[in-house]
file final.pdb (PDB, C-alpha atoms)
ATOM      1  CA  MET A  12     248.955 365.356  -7.784  1.00  0.00           C
ATOM      2  CA  LYS A  13     250.272 368.827  -7.098  1.00  0.00           C
ATOM      3  CA  ASP A  14     248.859 371.540  -4.860  1.00  0.00           C
ATOM      4  CA  GLU A  15     246.656 374.060  -6.649  1.00  0.00           C
ATOM      5  CA  ASN A  16     246.670 377.388  -4.809  1.00  0.00           C
ATOM      6  CA  LYS A  17     243.995 379.177  -6.829  1.00  0.00           C
ATOM      7  CA  THR A  18     240.899 379.914  -4.786  1.00  0.00           C
ATOM      8  CA  ASN A  19     238.622 380.720  -7.741  1.00  0.00           C
ATOM      9  CA  ILE A  20     237.661 378.052 -10.258  1.00  0.00           C
ATOM     10  CA  ASP A  21     239.174 378.943 -13.624  1.00  0.00           C
ATOM     11  CA  ALA A  22     238.119 376.379 -16.195  1.00  0.00           C
ATOM     12  CA  ASN A  23     236.718 375.750 -19.648  1.00  0.00           C
ATOM     13  CA  ASN A  24     234.973 372.567 -18.574  1.00  0.00           C
ATOM     14  CA  ILE A  25     233.125 371.625 -15.385  1.00  0.00           C
ATOM     15  CA  ILE A  26     232.590 368.095 -14.080  1.00  0.00           C
ATOM     16  CA  VAL A  27     230.254 367.774 -11.083  1.00  0.00           C
ATOM     17  CA  VAL A  28     230.317 364.416  -9.286  1.00  0.00           C
ATOM     18  CA  ASP A  29     228.024 362.958  -6.652  1.00  0.00           C
ATOM     19  CA  THR A  30     230.749 360.800  -5.117  1.00  0.00           C
ATOM     20  CA  ASP A  31     228.267 358.964  -2.885  1.00  0.00           C
ATOM     21  CA  TYR A  32     226.480 357.771  -6.029  1.00  0.00           C
ATOM     22  CA  LEU A  33     229.779 356.948  -7.748  1.00  0.00           C
ATOM     23  CA  GLU A  34     230.891 354.875  -4.767  1.00  0.00           C
ATOM     24  CA  GLU A  35     227.564 353.050  -4.574  1.00  0.00           C
ATOM     25  CA  VAL A  36     227.581 352.074  -8.249  1.00  0.00           C
ATOM     26  CA  THR A  37     231.268 351.142  -8.173  1.00  0.00           C
ATOM     27  CA  GLY A  38     230.733 348.902  -5.157  1.00  0.00           C
ATOM     28  CA  ILE A  39     227.843 347.071  -6.820  1.00  0.00           C
ATOM     29  CA  LEU A  40     229.680 346.552 -10.112  1.00  0.00           C
ATOM     30  CA  LYS A  41     232.970 345.631  -8.474  1.00  0.00           C
ATOM     31  CA  GLY A  42     231.346 343.100  -6.167  1.00  0.00           C
ATOM     32  CA  GLY A  43     229.406 341.528  -9.024  1.00  0.00           C
ATOM     33  CA  PHE A  44     232.422 341.192 -11.297  1.00  0.00           C
ATOM     34  CA  GLU A  45     234.607 339.817  -8.502  1.00  0.00           C
ATOM     35  CA  LYS A  46     232.035 337.132  -7.795  1.00  0.00           C
ATOM     36  CA  GLN A  47     231.516 336.139 -11.432  1.00  0.00           C
ATOM     37  CA  LEU A  48     235.156 336.338 -12.523  1.00  0.00           C
ATOM     38  CA  GLY A  49     236.583 334.822  -9.362  1.00  0.00           C
ATOM     39  CA  ARG A  50     239.191 337.512  -8.755  1.00  0.00           C
ATOM     40  CA  SER A  51     239.498 340.716  -6.782  1.00  0.00           C
ATOM     41  CA  PHE A  52     240.067 344.220  -8.144  1.00  0.00           C
ATOM     42  CA  GLN A  53     242.334 346.856  -6.680  1.00  0.00           C
ATOM     43  CA  LYS A  54     241.069 350.328  -5.889  1.00  0.00           C
ATOM     44  CA  ALA A  55     240.511 352.348  -9.041  1.00  0.00           C
ATOM     45  CA  ASP A  56     242.615 355.316 -10.145  1.00  0.00           C
ATOM     46  CA  LEU A  57     240.453 358.436  -9.726  1.00  0.00           C
ATOM     47  CA  ALA A  58     242.443 360.402 -12.309  1.00  0.00           C
ATOM     48  CA  GLN A  59     241.936 357.667 -14.908  1.00  0.00           C
ATOM     49  CA  TRP A  60     238.204 357.583 -14.173  1.00  0.00           C
ATOM     50  CA  THR A  61     238.093 361.395 -14.422  1.00  0.00           C
ATOM     51  CA  ASP A  62     239.659 361.161 -17.882  1.00  0.00           C
ATOM     52  CA  CYS A  63     236.935 358.714 -18.933  1.00  0.00           C
ATOM     53  CA  ILE A  64     234.211 361.087 -17.749  1.00  0.00           C
ATOM     54  CA  ALA A  65     235.860 364.013 -19.522  1.00  0.00           C
ATOM     55  CA  LEU A  66     235.869 362.017 -22.759  1.00  0.00           C
ATOM     56  CA  ASP A  67     232.222 361.077 -22.173  1.00  0.00           C
ATOM     57  CA  GLY A  68     231.520 364.810 -21.958  1.00  0.00           C
ATOM     58  CA  GLY A  69     233.142 365.422 -25.330  1.00  0.00           C
ATOM     59  CA  LEU A  70     236.563 366.683 -24.265  1.00  0.00           C
ATOM     60  CA  VAL A  71     239.350 366.217 -26.821  1.00  0.00           C
ATOM     61  CA  PRO A  72     243.125 366.206 -26.193  1.00  0.00           C
ATOM     62  CA  GLY A  73     244.610 369.660 -25.820  1.00  0.00           C
ATOM     63  CA  ASP A  74     245.430 372.464 -23.411  1.00  0.00           C
ATOM     64  CA  ASN A  75     242.113 372.264 -21.569  1.00  0.00           C
ATOM     65  CA  LYS A  76     241.312 373.398 -18.040  1.00  0.00           C
ATOM     66  CA  THR A  77     238.730 371.263 -16.252  1.00  0.00           C
ATOM     67  CA  ALA A  78     237.330 371.799 -12.769  1.00  0.00           C
ATOM     68  CA  VAL A  79     236.134 368.629 -11.041  1.00  0.00           C
ATOM     69  CA  ILE A  80     233.716 369.356  -8.210  1.00  0.00           C
ATOM     70  CA  LEU A  81     233.254 366.463  -5.778  1.00  0.00           C
ATOM     71  CA  PHE A  82     230.089 366.510  -3.660  1.00  0.00           C
ATOM     72  CA  HIS A  83     230.343 364.108  -0.720  1.00  0.00           C
ATOM     73  CA  ASP A  84     228.516 363.229   2.485  1.00  0.00           C
ATOM     74  CA  HIS A  85     229.889 365.525   5.199  1.00  0.00           C
ATOM     75  CA  LYS A  86     230.446 362.502   7.446  1.00  0.00           C
ATOM     76  CA  LYS A  87     232.732 360.790   4.933  1.00  0.00           C
ATOM     77  CA  LYS A  88     236.388 361.748   4.944  1.00  0.00           C
ATOM     78  CA  ALA A  89     237.518 359.661   1.993  1.00  0.00           C
ATOM     79  CA  LEU A  90     236.519 357.554  -0.984  1.00  0.00           C
ATOM     80  CA  PHE A  91     236.529 353.797  -0.453  1.00  0.00           C
ATOM     81  CA  HIS A  92     236.894 352.436  -3.996  1.00  0.00           C
ATOM     82  CA  TYR A  93     239.257 355.050  -5.476  1.00  0.00           C
ATOM     83  CA  VAL A  94     242.744 356.466  -4.969  1.00  0.00           C
ATOM     84  CA  PRO A  95     243.716 359.094  -4.095  1.00  0.00           C
ATOM     85  CA  SER A  96     240.882 359.091  -1.616  1.00  0.00           C
ATOM     86  CA  ASP A  97     241.070 361.627   1.226  1.00  0.00           C
ATOM     87  CA  PHE A  98     238.780 364.514   0.280  1.00  0.00           C
ATOM     88  CA  GLU A  99     240.625 367.204   2.203  1.00  0.00           C
ATOM     89  CA  LYS A 100     244.238 366.015   2.270  1.00  0.00           C
ATOM     90  CA  GLU A 101     244.593 364.379  -1.149  1.00  0.00           C
ATOM     91  CA  LEU A 102     241.880 365.834  -3.386  1.00  0.00           C
ATOM     92  CA  ASN A 103     240.733 369.324  -2.447  1.00  0.00           C
ATOM     93  CA  ASP A 104     242.687 371.957  -4.430  1.00  0.00           C
ATOM     94  CA  LYS A 105     244.855 369.250  -6.003  1.00  0.00           C
ATOM     95  CA  ALA A 106     245.485 368.930  -9.729  1.00  0.00           C
ATOM     96  CA  PHE A 107     246.918 366.619 -12.369  1.00  0.00           C
ATOM     97  CA  LYS A 108     247.858 367.067 -16.018  1.00  0.00           C
ATOM     98  CA  ASP A 109     247.788 364.710 -18.989  1.00  0.00           C
ATOM     99  CA  ASN A 110     247.020 364.818 -22.709  1.00  0.00           C
ATOM    100  CA  LEU A 111     243.502 366.119 -21.968  1.00  0.00           C
ATOM    101  CA  GLY A 112     244.842 369.131 -20.099  1.00  0.00           C
ATOM    102  CA  GLU A 113     244.755 370.125 -16.446  1.00  0.00           C
ATOM    103  CA  PHE A 114     242.174 368.859 -13.962  1.00  0.00           C
ATOM    104  CA  VAL A 115     241.655 370.568 -10.597  1.00  0.00           C
ATOM    105  CA  TYR A 116     239.597 368.908  -7.851  1.00  0.00           C
ATOM    106  CA  THR A 117     237.409 370.741  -5.356  1.00  0.00           C
ATOM    107  CA  SER A 118     235.818 368.718  -2.541  1.00  0.00           C
ATOM    108  CA  ILE A 119     232.552 369.989  -1.078  1.00  0.00           C
ATOM    109  CA  PRO A 120     230.904 368.300   1.929  1.00  0.00           C
ATOM    110  CA  VAL A 121     227.094 368.179   1.799  1.00  0.00           C
ATOM    111  CA  GLU A 122     224.828 367.591   4.788  1.00  0.00           C
ATOM    112  CA  ASN A 123     221.858 365.933   3.084  1.00  0.00           C
ATOM    113  CA  GLU A 124     220.301 364.947  -0.249  1.00  0.00           C
ATOM    114  CA  ALA A 125     217.999 367.969  -0.411  1.00  0.00           C
ATOM    115  CA  LEU A 126     220.953 370.330  -0.122  1.00  0.00           C
ATOM    116  CA  LYS A 127     222.871 368.285  -2.683  1.00  0.00           C
ATOM    117  CA  GLY A 128     220.020 368.717  -5.146  1.00  0.00           C
ATOM    118  CA  GLU A 129     220.044 372.471  -4.621  1.00  0.00           C
ATOM    119  CA  MET A 130     223.804 372.535  -5.165  1.00  0.00           C
ATOM    120  CA  PHE A 131     223.428 370.700  -8.482  1.00  0.00           C
ATOM    121  CA  SER A 132     220.972 373.397  -9.619  1.00  0.00           C
ATOM    122  CA  GLU A 133     223.135 376.269  -8.426  1.00  0.00           C
ATOM    123  CA  THR A 134     226.374 374.884  -9.858  1.00  0.00           C
ATOM    124  CA  ILE A 135     224.900 374.422 -13.341  1.00  0.00           C
ATOM    125  CA  ALA A 136     223.234 377.847 -13.310  1.00  0.00           C
ATOM    126  CA  VAL A 137     226.316 379.679 -12.040  1.00  0.00           C
ATOM    127  CA  PHE A 138     228.945 378.089 -14.271  1.00  0.00           C
ATOM    128  CA  GLY A 139     226.654 377.969 -17.284  1.00  0.00           C
ATOM    129  CA  VAL A 140     226.861 381.747 -17.650  1.00  0.00           C
ATOM    130  CA  GLU A 141     230.633 381.973 -17.264  1.00  0.00           C
ATOM    131  CA  GLU A 142     232.189 383.120 -20.528  1.00  0.00           C
ATOM    132  CA  THR A 143     235.051 380.625 -20.355  1.00  0.00           C
ATOM    133  CA  VAL A 144     232.913 377.547 -19.637  1.00  0.00           C
ATOM    134  CA  LYS A 145     232.203 375.444 -22.713  1.00  0.00           C
ATOM    135  CA  SER A 146     230.856 372.250 -21.172  1.00  0.00           C
ATOM    136  CA  ILE A 147     229.286 370.883 -17.994  1.00  0.00           C
ATOM    137  CA  THR A 148     229.178 367.173 -17.201  1.00  0.00           C
ATOM    138  CA  VAL A 149     227.193 365.890 -14.223  1.00  0.00           C
ATOM    139  CA  VAL A 150     227.648 362.457 -12.638  1.00  0.00           C
ATOM    140  CA  ALA A 151     224.487 361.781 -10.656  1.00  0.00           C
ATOM    141  CA  ASP A 152     221.459 359.590 -10.097  1.00  0.00           C
ATOM    142  CA  MET A 153     219.063 361.071 -12.629  1.00  0.00           C
ATOM    143  CA  GLU A 154     216.102 359.310 -11.032  1.00  0.00           C
ATOM    144  CA  LYS A 155     216.802 361.289  -7.872  1.00  0.00           C
ATOM    145  CA  TYR A 156     218.218 364.619  -9.092  1.00  0.00           C
ATOM    146  CA  TYR A 157     216.691 365.082 -12.543  1.00  0.00           C
ATOM    147  CA  LYS A 158     214.406 367.943 -11.449  1.00  0.00           C
ATOM    148  CA  ASN A 159     217.267 369.773  -9.739  1.00  0.00           C
ATOM    149  CA  ILE A 160     219.515 369.429 -12.771  1.00  0.00           C
ATOM    150  CA  GLU A 161     216.740 370.541 -15.120  1.00  0.00           C
ATOM    151  CA  THR A 162     216.126 373.563 -12.872  1.00  0.00           C
ATOM    152  CA  GLY A 163     219.801 374.495 -13.127  1.00  0.00           C
ATOM    153  CA  LEU A 164     219.707 374.239 -16.914  1.00  0.00           C
ATOM    154  CA  THR A 165     216.533 376.333 -17.088  1.00  0.00           C
ATOM    155  CA  ASP A 166     218.037 379.044 -14.873  1.00  0.00           C
ATOM    156  CA  TYR A 167     221.202 379.099 -16.956  1.00  0.00           C
ATOM    157  CA  LYS A 168     219.188 379.536 -20.163  1.00  0.00           C
ATOM    158  CA  LYS A 169     217.188 382.403 -18.660  1.00  0.00           C
ATOM    159  CA  LYS A 170     220.384 384.215 -17.706  1.00  0.00           C
ATOM    160  CA  ASN A 171     221.724 383.720 -21.231  1.00  0.00           C
ATOM    161  CA  LYS A 172     218.609 384.719 -23.149  1.00  0.00           C
ATOM    162  CA  ASP A 173     220.216 387.958 -24.353  1.00  0.00           C
ATOM    163  CA  ASN A 174     223.273 386.317 -25.931  1.00  0.00           C
ATOM    164  CA  ASN A 175     224.097 383.296 -28.055  1.00  0.00           C
ATOM    165  CA  LYS A 176     226.281 381.481 -25.535  1.00  0.00           C
ATOM    166  CA  ASP A 177     225.541 377.801 -25.187  1.00  0.00           C
ATOM    167  CA  ILE A 178     227.233 374.936 -23.360  1.00  0.00           C
ATOM    168  CA  GLU A 179     227.610 371.252 -24.039  1.00  0.00           C
ATOM    169  CA  PHE A 180     225.788 369.373 -21.278  1.00  0.00           C
ATOM    170  CA  THR A 181     226.196 365.677 -20.482  1.00  0.00           C
ATOM    171  CA  ALA A 182     224.598 363.587 -17.742  1.00  0.00           C
ATOM    172  CA  VAL A 183     226.473 360.441 -16.673  1.00  0.00           C
ATOM    173  CA  THR A 184     224.192 358.034 -14.847  1.00  0.00           C
ATOM    174  CA  MET A 185     223.103 354.398 -14.660  1.00  0.00           C
ATOM    175  CA  HIS A 186     219.480 354.987 -15.663  1.00  0.00           C
ATOM    176  CA  LYS A 187     218.894 357.328 -18.594  1.00  0.00           C
ATOM    177  CA  LYS A 188     215.791 359.498 -18.788  1.00  0.00           C
ATOM    178  CA  SER A 189     214.005 358.148 -21.854  1.00  0.00           C
ATOM    179  CA  ASP A 190     212.034 361.364 -22.444  1.00  0.00           C
ATOM    180  CA  TRP A 191     215.009 363.707 -22.012  1.00  0.00           C
ATOM    181  CA  GLU A 192     216.795 365.017 -25.099  1.00  0.00           C
ATOM    182  CA  LYS A 193     220.070 365.866 -23.340  1.00  0.00           C
ATOM    183  CA  ASN A 194     223.226 363.841 -23.952  1.00  0.00           C
ATOM    184  CA  GLN A 195     223.323 360.928 -21.498  1.00  0.00           C
ATOM    185  CA  VAL A 196     226.049 358.327 -20.924  1.00  0.00           C
ATOM    186  CA  ILE A 197     225.977 355.148 -18.837  1.00  0.00           C
ATOM    187  CA  LEU A 198     228.219 355.500 -15.775  1.00  0.00           C
ATOM    188  CA  GLY A 199     229.088 351.806 -15.671  1.00  0.00           C
ATOM    189  CA  PHE A 200     231.287 351.984 -18.770  1.00  0.00           C
ATOM    190  CA  SER A 201     233.818 354.384 -17.223  1.00  0.00           C
ATOM    191  CA  ILE A 202     233.889 352.390 -13.990  1.00  0.00           C
ATOM    192  CA  MET A 203     234.493 349.103 -15.817  1.00  0.00           C
ATOM    193  CA  HIS A 204     237.287 350.627 -17.885  1.00  0.00           C
ATOM    194  CA  THR A 205     238.989 352.076 -14.810  1.00  0.00           C
ATOM    195  CA  LEU A 206     238.743 348.771 -12.933  1.00  0.00           C
ATOM    196  CA  GLY A 207     240.438 347.072 -15.873  1.00  0.00           C
ATOM    197  CA  ILE A 208     237.514 344.900 -16.940  1.00  0.00           C
ATOM    198  CA  THR A 209     238.107 343.794 -20.520  1.00  0.00           C
ATOM    199  CA  ASP A 210     235.991 342.423 -23.370  1.00  0.00           C
ATOM    200  CA  ASP A 211     237.483 338.998 -22.637  1.00  0.00           C
ATOM    201  CA  ASP A 212     236.232 339.283 -19.059  1.00  0.00           C
ATOM    202  CA  LEU A 213     232.729 340.041 -20.303  1.00  0.00           C
ATOM    203  CA  LYS A 214     232.829 337.028 -22.639  1.00  0.00           C
ATOM    204  CA  LYS A 215     233.584 334.768 -19.676  1.00  0.00           C
ATOM    205  CA  MET A 216     230.428 335.802 -17.870  1.00  0.00           C
TER     206      MET A 216
END
call {"tool": "encode", "arguments": {"input": "final.pdb", "output": "structure tokens"}}
result
Amino acid sequence: MKDENKTNIDANNIIVVDTDYLEEVTGILKGGFEKQLGRSFQKADLAQWTDCIALDGGLVPGDNKTAVILFHDHKKKALFHYVPSDFEKELNDKAFKDNLGEFVYTSIPVENEALKGEMFSETIAVFGVEETVKSITVVADMEKYYKNIETGLTDYKKKNKDNNKDIEFTAVTMHKKSDWEKNQVILGFSIMHTLGITDDDLKKM
């Protein structure tokens, strides 16, 4: 990854990740598959997983600009199951490019869950009104942060009531909201793909 010196987020697509939730789900799935398949898995490639989430959010190959905002517990300095891992040294203001465009990471430490919920709301509301932003994808526990995310979407719509701008919104989670009409994708699929778990592996279980 290269250094990205821009201080302002300039992007067409926004991905917001609760990395504490991502790590929790990855640990559970990884441990389960290792036990059932009888082999260990290396740490996952964060860029590859990011690509999967971008595709889940509807991104297509091209000259796209995607901002990836990583919320993390302020006491944690690095990811455990993914590489690169260090939030400040290896991820914050770092970028990579591939056939889906450029992805720029921003790491944001969060003191507690209540504040994290407020930041979900604010992030959706703020970026939803940006002219350049076409899509927002959120990776989060919908059972815990649904109300915050819905508040952000409501605020964004209020700010846009005088124009026709709309965004594509996707929630990536392990437990979909059955009564919610928004696009929802199961988080486990992207994790399994990034870990290298194949259809043959699933047949063995």
call {"tool": "atom_distance", "arguments": {"input": "final.pdb", "atom1": "CA of Lys86 in chain A", "atom2": "CA of Ala125 in chain A"}}
result
15.7 Å
call {"tool": "resolve_selection", "arguments": {"input": "final.pdb", "expression": "the PyMOL selection byres ((chain A and resi 29) around 9)", "output": "JSON, numbers by chain"}}
result
{"A": [27, 28, 30, 31, 32, 33, 34, 80, 81, 82, 83, 127, 149, 150, 151, 152]}
call {"tool": "residues_around", "arguments": {"input": "final.pdb", "residues": "range 37-51 of chain A", "least_positions_apart": "2", "cutoff": "12 Å", "atoms": "all atoms listed in the file", "output": "PyMOL selection string"}}
result
chain A and resi 30-35+53-55+57+60+90-93+184-185+198-209+211-216
call {"tool": "atom_distance", "arguments": {"input": "final.pdb", "atom1": "CA of His85 in chain A", "atom2": "CA of Ile160 in chain A"}}
result
21.1 Å
call {"tool": "atom_distance", "arguments": {"input": "final.pdb", "atom1": "CA of Ala89 in chain A", "atom2": "CA of Ile26 in chain A"}}
result
18.8 Å
call {"tool": "resolve_selection", "arguments": {"input": "final.pdb", "expression": "the PyMOL selection byres ((chain A and resi 139-142) around 7)", "output": "PyMOL selection string"}}
result
chain A and resi 135-138+143-144+167+170-171+178
call {"tool": "closest_residue", "arguments": {"input": "final.pdb", "among": "A:Ser96, A:Ser118, A:Lys108, A:Val36", "to": "His186 in chain A", "atoms": "all atoms listed in the file"}}
result
A:Val36
call {"tool": "axis_aligned_box", "arguments": {"input": "final.pdb", "around": "range 46-58 of chain A", "padding_each_side": "5 Å", "output": "AutoDock Vina command-line options"}}
result
--center_x 237.1 --center_y 347.6 --center_z -9.2 --size_x 21.1 --size_y 35.6 --size_z 16.6
call {"tool": "closest_residue", "arguments": {"input": "final.pdb", "among": "A:Lys188, A:Lys193, A:Lys100, A:Lys88", "to": "Ile147 in chain A", "atoms": "only C-alpha atoms"}}
result
A:Lys193
call {"tool": "resolve_selection", "arguments": {"input": "final.pdb", "expression": "the PyMOL selection byres ((chain A and resi 78) around 8)", "output": "JSON, numbers by chain"}}
result
{"A": [20, 21, 22, 23, 24, 25, 26, 76, 77, 79, 80, 114, 115, 116, 117]}
call {"tool": "residues_around", "arguments": {"input": "final.pdb", "residues": "Ser189 in chain A", "least_positions_apart": "4", "cutoff": "12 Å", "atoms": "only C-alpha atoms", "output": "list in words"}}
result
Met153, Glu154, Tyr157, Lys193, Asn194 and Gln195 of chain A
call {"tool": "closest_residue", "arguments": {"input": "final.pdb", "among": "A:Lys176, A:Lys155, A:Thr148, A:Leu164", "to": "Gly68 in chain A", "atoms": "only C-alpha atoms"}}
result
A:Thr148
call {"tool": "closest_residue", "arguments": {"input": "final.pdb", "among": "A:Ala58, A:Ile64, A:Leu111, A:Ile197", "to": "Pro95 in chain A", "atoms": "all atoms listed in the file"}}
result
A:Ala58
call {"tool": "closest_residue", "arguments": {"input": "final.pdb", "among": "A:Ile119, A:Ser146, A:Asp166, A:Asn75", "to": "Leu102 in chain A", "atoms": "only C-alpha atoms"}}
result
A:Ile119
call {"tool": "closest_residue", "arguments": {"input": "final.pdb", "among": "A:Thr181, A:Thr165, A:Asn123, A:Asn110", "to": "Gly73 in chain A", "atoms": "only C-alpha atoms"}}
result
A:Asn110
call {"tool": "residues_around", "arguments": {"input": "final.pdb", "residues": "Glu129 in chain A", "least_positions_apart": "2", "cutoff": "10 Å", "atoms": "all atoms listed in the file", "output": "JSON, numbers by chain"}}
result
{"A": [124, 125, 126, 127, 131, 132, 133, 134, 156, 158, 159, 160, 162, 163]}
call {"tool": "write_last_selection", "arguments": {"input": "final.pdb", "atoms": "C-alpha atoms", "output": "mmCIF file, keeping the file's coordinate frame"}}
result
data_model
loop_
_atom_site.group_PDB
_atom_site.id
_atom_site.type_symbol
_atom_site.label_atom_id
_atom_site.label_comp_id
_atom_site.auth_asym_id
_atom_site.auth_seq_id
_atom_site.Cartn_x
_atom_site.Cartn_y
_atom_site.Cartn_z
ATOM 1 C CA GLU A 124 220.301 364.947 -0.249
ATOM 2 C CA ALA A 125 217.999 367.969 -0.411
ATOM 3 C CA LEU A 126 220.953 370.330 -0.122
ATOM 4 C CA LYS A 127 222.871 368.285 -2.683
ATOM 5 C CA PHE A 131 223.428 370.700 -8.482
ATOM 6 C CA SER A 132 220.972 373.397 -9.619
ATOM 7 C CA GLU A 133 223.135 376.269 -8.426
ATOM 8 C CA THR A 134 226.374 374.884 -9.858
ATOM 9 C CA TYR A 156 218.218 364.619 -9.092
ATOM 10 C CA LYS A 158 214.406 367.943 -11.449
ATOM 11 C CA ASN A 159 217.267 369.773 -9.739
ATOM 12 C CA ILE A 160 219.515 369.429 -12.771
ATOM 13 C CA THR A 162 216.126 373.563 -12.872
ATOM 14 C CA GLY A 163 219.801 374.495 -13.127
#
